[in-house]
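Asks: The structure is given below, and queries will be raised subsequently.
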Amino acid sequence: MKNIFSILISLIILSGCKKDEPAAKADLYPDQPVATASSSAIAVFHQSTAYYQMYVYRQDPVTGIWGRRIGSHFSTISSSDPSFIGFTNPYVADSGVPLFDMVQLYSAYTGTTAIKTVGINVDQVLQFFPDYEGAKTGIVKVKTQDVTLKKSTAGQTITIGISGSGTYDETSKVIDLKVTFNETAIGGSSRTFQYKLSPTALTL
């Protein structure tokens with residue numbers, strides 16, 4: 001009888017411990033990552049006011065130091081697919097944007113650091129995929145494509161491929177991004193840089 005009583009007490013204790021265990025991640029976040037791009041994050045990182053531009057920073061891969069803000073990153077919403085943020089300059093005729101500092105990175109090939117001369121305009125760049133339905137965090141992807149940069153010599157251009165991905169957080173309002181540049185067309189291979197993007201200034 002004593003043994004049966006001991007067993008019952010043990011079962012009660014074990015049962016109580018199990019209830020106190022933290023819920024499994026699957027129970028806390030039952031939904032799977034969203035496979036279809038969402039436009040909800042766009043409202044956080046893009047503003048429809050004229051001349052709005054994100055704060056964009058690039059890290060030096062050698063020193064690990066974050067550079068100053070790369071100005072003139074005018075964001076626009078793609079008219080053909082509003083789930084994309086693009087970077088174009090609709091305010092100055094025949095101009096462009098620096099797009100991830102490409103104007104500086106490839107000045108030796110274009111012969112200039114003038115944004116207007118290089119004329120980069122890309123309608124679809126960033127797309128957002130929440131961690132689960134209704135999540136404020138998720139994956140951000142850079143659309144894989146070729147970007148055309150005009151050279152200072154009239155009529156000449158170079159082509160650089162871009163791709164990449166990272167994460168975003170609507171609460172902190174920060175995008176952490178890795179962008180890879182395919183330099184095959186100019187005789188290179190590829191280079192990858194880290195970026196931070198935000199609608200507000202960051203201290204890095």
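Letters for chains follow the order of the structure tokens (A, B, ...), residue numbers begin at 1 for each chain, and ligand numbers begin at 1 in the order shown.
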Skipping near chain neighbours, those fewer than 5 positions away, what residues fall within 8 Å of range 79-96 of chain A using only C-alpha atoms, listed as a list in words?
Replies: Ala37, Ser38, Ser39, Ile42, His46, Tyr51, His73, Phe74, Ile115, Lys116, Thr117, Val118, Gly119, Ile120, Asn121, Val122, Asp123, Gln124, Val125, Leu126, Gln127 and Phe128 of chain A
Asks: Write a file of the just-selected residues containing N, CA, C and O atoms, as a tab-separated table (two decimals), in the first residue's frame.
Replies:
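The result, stored in result_29.tsv:
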```tsv
chain	number	residue	atom	x	y	z
A	37	ALA	N	5.09	37.28	-50.69
A	37	ALA	CA	5.57	38.58	-50.25
A	37	ALA	C	4.44	39.43	-49.72
A	37	ALA	O	3.32	39.42	-50.25
A	38	SER	N	4.72	40.17	-48.65
A	38	SER	CA	3.72	41.02	-48.01
A	38	SER	C	4.08	42.49	-48.21
A	38	SER	O	5.25	42.86	-48.26
A	39	SER	N	3.07	43.33	-48.31
A	39	SER	CA	3.30	44.77	-48.46
A	39	SER	C	3.19	45.50	-47.12
A	39	SER	O	3.38	46.71	-47.06
A	42	ILE	N	6.18	47.50	-45.95
A	42	ILE	CA	6.48	48.66	-46.78
A	42	ILE	C	6.02	49.94	-46.09
A	42	ILE	O	6.66	50.99	-46.19
A	46	HIS	N	8.85	52.68	-46.03
A	46	HIS	CA	8.67	53.64	-47.11
A	46	HIS	C	7.63	54.68	-46.71
A	46	HIS	O	6.65	54.36	-46.04
A	51	TYR	N	10.47	63.32	-51.94
A	51	TYR	CA	11.89	63.33	-51.61
A	51	TYR	C	12.25	62.47	-50.40
A	51	TYR	O	13.34	62.59	-49.84
A	73	HIS	N	18.90	57.78	-51.47
A	73	HIS	CA	18.22	56.51	-51.69
A	73	HIS	C	16.70	56.75	-51.69
A	73	HIS	O	16.00	56.41	-50.74
A	74	PHE	N	16.20	57.33	-52.76
A	74	PHE	CA	14.77	57.60	-52.87
A	74	PHE	C	14.03	56.30	-53.12
A	74	PHE	O	14.27	55.61	-54.11
A	115	ILE	N	25.89	60.84	-59.38
A	115	ILE	CA	24.68	60.03	-59.40
A	115	ILE	C	23.88	60.28	-60.68
A	115	ILE	O	23.36	59.35	-61.30
A	116	LYS	N	23.78	61.55	-61.08
A	116	LYS	CA	23.02	61.91	-62.28
A	116	LYS	C	23.61	61.27	-63.53
A	116	LYS	O	22.88	60.78	-64.40
A	117	THR	N	24.93	61.24	-63.62
A	117	THR	CA	25.58	60.66	-64.80
A	117	THR	C	25.40	59.15	-64.85
A	117	THR	O	25.05	58.59	-65.90
A	118	VAL	N	25.59	58.47	-63.73
A	118	VAL	CA	25.50	57.01	-63.69
A	118	VAL	C	24.07	56.54	-63.93
A	118	VAL	O	23.83	55.50	-64.54
A	119	GLY	N	23.10	57.30	-63.42
A	119	GLY	CA	21.70	57.08	-63.76
A	119	GLY	C	21.10	55.74	-63.37
A	119	GLY	O	20.37	55.13	-64.15
A	120	ILE	N	21.35	55.28	-62.15
A	120	ILE	CA	20.78	54.00	-61.70
A	120	ILE	C	19.33	54.21	-61.25
A	120	ILE	O	19.04	55.03	-60.38
A	121	ASN	N	18.41	53.46	-61.83
A	121	ASN	CA	17.01	53.45	-61.41
A	121	ASN	C	16.50	52.01	-61.49
A	121	ASN	O	16.49	51.43	-62.58
A	122	VAL	N	16.13	51.45	-60.35
A	122	VAL	CA	15.67	50.05	-60.32
A	122	VAL	C	14.29	50.00	-59.67
A	122	VAL	O	14.14	50.32	-58.49
A	123	ASP	N	13.30	49.59	-60.44
A	123	ASP	CA	11.91	49.63	-60.01
A	123	ASP	C	11.57	48.61	-58.92
A	123	ASP	O	10.73	48.86	-58.07
A	124	GLN	N	12.23	47.45	-58.91
A	124	GLN	CA	11.94	46.40	-57.95
A	124	GLN	C	13.24	45.93	-57.29
A	124	GLN	O	14.10	45.35	-57.95
A	125	VAL	N	13.37	46.19	-55.99
A	125	VAL	CA	14.61	45.82	-55.28
A	125	VAL	C	14.32	44.95	-54.06
A	125	VAL	O	14.80	43.82	-53.96
A	126	LEU	N	13.52	45.45	-53.10
A	126	LEU	CA	13.31	44.75	-51.84
A	126	LEU	C	11.90	44.18	-51.75
A	126	LEU	O	10.92	44.82	-52.09
A	127	GLN	N	11.83	42.95	-51.22
A	127	GLN	CA	10.56	42.27	-51.01
A	127	GLN	C	10.57	41.64	-49.62
A	127	GLN	O	11.59	41.09	-49.19
A	128	PHE	N	9.43	41.70	-48.91
A	128	PHE	CA	9.36	41.31	-47.51
A	128	PHE	C	8.50	40.06	-47.29
A	128	PHE	O	7.38	39.98	-47.80
```
Asks: Hey, what does DSSP flag as strand (DSSP E or B) within range 63-93 of chain A? Can you give it to me as an MDAnalysis selection string?
Replies: chainID A and resid 66 74:77 84:87
Asks: Residues at most 10 Å from Met102 in chain A, counting only C-alpha atoms, excluding those fewer than 5 positions away in the same chain, as an mmCIF file with all heavy atoms, in the first residue's frame?
Replies:
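For reference, result_10.cif as written:
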```
data_model
loop_
_atom_site.group_PDB
_atom_site.id
_atom_site.type_symbol
_atom_site.label_atom_id
_atom_site.label_comp_id
_atom_site.auth_asym_id
_atom_site.auth_seq_id
_atom_site.Cartn_x
_atom_site.Cartn_y
_atom_site.Cartn_z
ATOM 1 N N VAL A 97 19.874 57.068 -58.531
ATOM 2 C CA VAL A 97 20.169 56.889 -57.104
ATOM 3 C C VAL A 97 21.509 56.167 -56.969
ATOM 4 O O VAL A 97 21.990 55.555 -57.938
ATOM 5 C CB VAL A 97 19.064 56.068 -56.402
ATOM 6 C CG1 VAL A 97 17.724 56.806 -56.464
ATOM 7 C CG2 VAL A 97 18.939 54.674 -57.018
ATOM 8 N N SER A 107 33.110 53.465 -59.527
ATOM 9 C CA SER A 107 33.545 54.710 -60.165
ATOM 10 C C SER A 107 34.763 54.512 -61.055
ATOM 11 O O SER A 107 34.936 55.223 -62.058
ATOM 12 C CB SER A 107 33.842 55.781 -59.107
ATOM 13 O OG SER A 107 34.867 55.344 -58.225
ATOM 14 N N THR A 113 31.680 59.792 -60.177
ATOM 15 C CA THR A 113 30.938 59.525 -58.945
ATOM 16 C C THR A 113 29.629 60.319 -58.937
ATOM 17 O O THR A 113 28.972 60.420 -57.900
ATOM 18 C CB THR A 113 31.768 59.905 -57.702
ATOM 19 O OG1 THR A 113 32.137 61.286 -57.789
ATOM 20 C CG2 THR A 113 33.016 59.038 -57.585
ATOM 21 N N ILE A 115 25.891 60.840 -59.376
ATOM 22 C CA ILE A 115 24.679 60.025 -59.404
ATOM 23 C C ILE A 115 23.881 60.282 -60.683
ATOM 24 O O ILE A 115 23.362 59.347 -61.301
ATOM 25 C CB ILE A 115 23.809 60.319 -58.161
ATOM 26 C CG1 ILE A 115 24.527 59.871 -56.889
ATOM 27 C CG2 ILE A 115 22.448 59.626 -58.270
ATOM 28 C CD1 ILE A 115 23.823 60.300 -55.620
ATOM 29 N N VAL A 118 25.594 58.474 -63.728
ATOM 30 C CA VAL A 118 25.499 57.006 -63.689
ATOM 31 C C VAL A 118 24.065 56.544 -63.925
ATOM 32 O O VAL A 118 23.829 55.498 -64.538
ATOM 33 C CB VAL A 118 26.066 56.463 -62.360
ATOM 34 C CG1 VAL A 118 25.969 54.943 -62.311
ATOM 35 C CG2 VAL A 118 27.536 56.880 -62.208
ATOM 36 N N ILE A 120 21.352 55.279 -62.148
ATOM 37 C CA ILE A 120 20.780 54.003 -61.696
ATOM 38 C C ILE A 120 19.328 54.206 -61.250
ATOM 39 O O ILE A 120 19.043 55.030 -60.380
ATOM 40 C CB ILE A 120 21.583 53.409 -60.524
ATOM 41 C CG1 ILE A 120 23.030 53.152 -60.929
ATOM 42 C CG2 ILE A 120 20.925 52.116 -60.025
ATOM 43 C CD1 ILE A 120 23.909 52.718 -59.776
ATOM 44 N N VAL A 147 21.939 45.358 -63.093
ATOM 45 C CA VAL A 147 21.771 46.798 -62.980
ATOM 46 C C VAL A 147 22.711 47.476 -63.984
ATOM 47 O O VAL A 147 23.897 47.151 -64.047
ATOM 48 C CB VAL A 147 22.091 47.286 -61.548
ATOM 49 C CG1 VAL A 147 22.008 48.812 -61.457
ATOM 50 C CG2 VAL A 147 21.137 46.637 -60.555
ATOM 51 N N LEU A 149 24.772 50.672 -65.279
ATOM 52 C CA LEU A 149 25.399 51.917 -64.849
ATOM 53 C C LEU A 149 25.963 52.613 -66.087
ATOM 54 O O LEU A 149 26.717 52.009 -66.861
ATOM 55 C CB LEU A 149 26.535 51.665 -63.850
ATOM 56 C CG LEU A 149 26.189 51.166 -62.452
ATOM 57 C CD1 LEU A 149 25.756 49.706 -62.464
ATOM 58 C CD2 LEU A 149 27.383 51.341 -61.518
ATOM 59 N N ILE A 160 26.209 45.296 -63.722
ATOM 60 C CA ILE A 160 26.558 44.594 -62.484
ATOM 61 C C ILE A 160 25.318 43.859 -61.982
ATOM 62 O O ILE A 160 24.231 44.444 -61.884
ATOM 63 C CB ILE A 160 27.032 45.573 -61.384
ATOM 64 C CG1 ILE A 160 28.232 46.401 -61.867
ATOM 65 C CG2 ILE A 160 27.374 44.810 -60.103
ATOM 66 C CD1 ILE A 160 29.488 45.586 -62.132
ATOM 67 N N PHE A 181 27.308 41.478 -55.342
ATOM 68 C CA PHE A 181 27.441 42.081 -56.665
ATOM 69 C C PHE A 181 28.169 41.111 -57.592
ATOM 70 O O PHE A 181 29.305 40.708 -57.304
ATOM 71 C CB PHE A 181 28.211 43.394 -56.580
ATOM 72 C CG PHE A 181 27.555 44.422 -55.702
ATOM 73 C CD1 PHE A 181 28.052 44.683 -54.431
ATOM 74 C CD2 PHE A 181 26.439 45.111 -56.135
ATOM 75 C CE1 PHE A 181 27.446 45.623 -53.613
ATOM 76 C CE2 PHE A 181 25.824 46.051 -55.324
ATOM 77 C CZ PHE A 181 26.328 46.308 -54.063
#
```
Asks: Check the DSSP output for the backbone and give back, as a ChimeraX atom specification, the residues of range 3-200 of chain A in alpha helix (DSSP H).
Replies: /A:3-20,25-28,42-45,102-105,107-110,115-118
Asks: Using only C-alpha atoms, can you tell me which of A:Val174, A:Ala114, A:Ala43, A:Ile77 comes closest to Lys150 in chain A?
Replies: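 Of A:Val174, A:Ala114, A:Ala43, A:Ile77, the one nearest Lys150 in chain A, counting only C-alpha atoms, is A:Ala114.
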Asks: Excluding Lys151 in chain A and any residue of its chain fewer than 5 positions from it, enumerate the residues within 7 Å of it, using only C-alpha atoms, and give them as JSON, numbers by chain.
Replies: {"A": [110, 111, 118, 156, 157]}
Asks: Tell me which of A:Ala50, A:Leu99, A:Val62, A:Ile175 sits closest to Leu202 in chain A, counting only C-alpha atoms.
Replies: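 Closest candidate: A:Ile175.
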Asks: Could you tell me which of A:Thr49, A:Thr112, A:Gln104, A:Gln59 comes closest to Gln194 in chain A if we count only C-alpha atoms?
Replies: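 Result for the nearest residue to Gln194 in chain A: A:Gln59.
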Asks: Pick out the closest residue to Ser190 in chain A from this set: A:Ser172, A:Ile162, A:Leu204, A:Ser72. Count only C-alpha atoms.
Replies: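 Closest residue, counting only C-alpha atoms: A:Ile162.
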Asks: Have a look at A:Val103, A:Phe129, A:Tyr195, A:Ala135 and name the one nearest to Ile65 in chain A; count only C-alpha atoms.
Replies: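 Of the candidates, the smallest distance to Ile65 in chain A is held by A:Tyr195.
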Asks: Between A:Ser75, A:Thr180, A:Ser165, A:Thr171, which has the minimum distance to Asp146 in chain A (counting only C-alpha atoms)?
Replies: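 Using only C-alpha atoms, Asp146 in chain A sits closest to A:Thr180.
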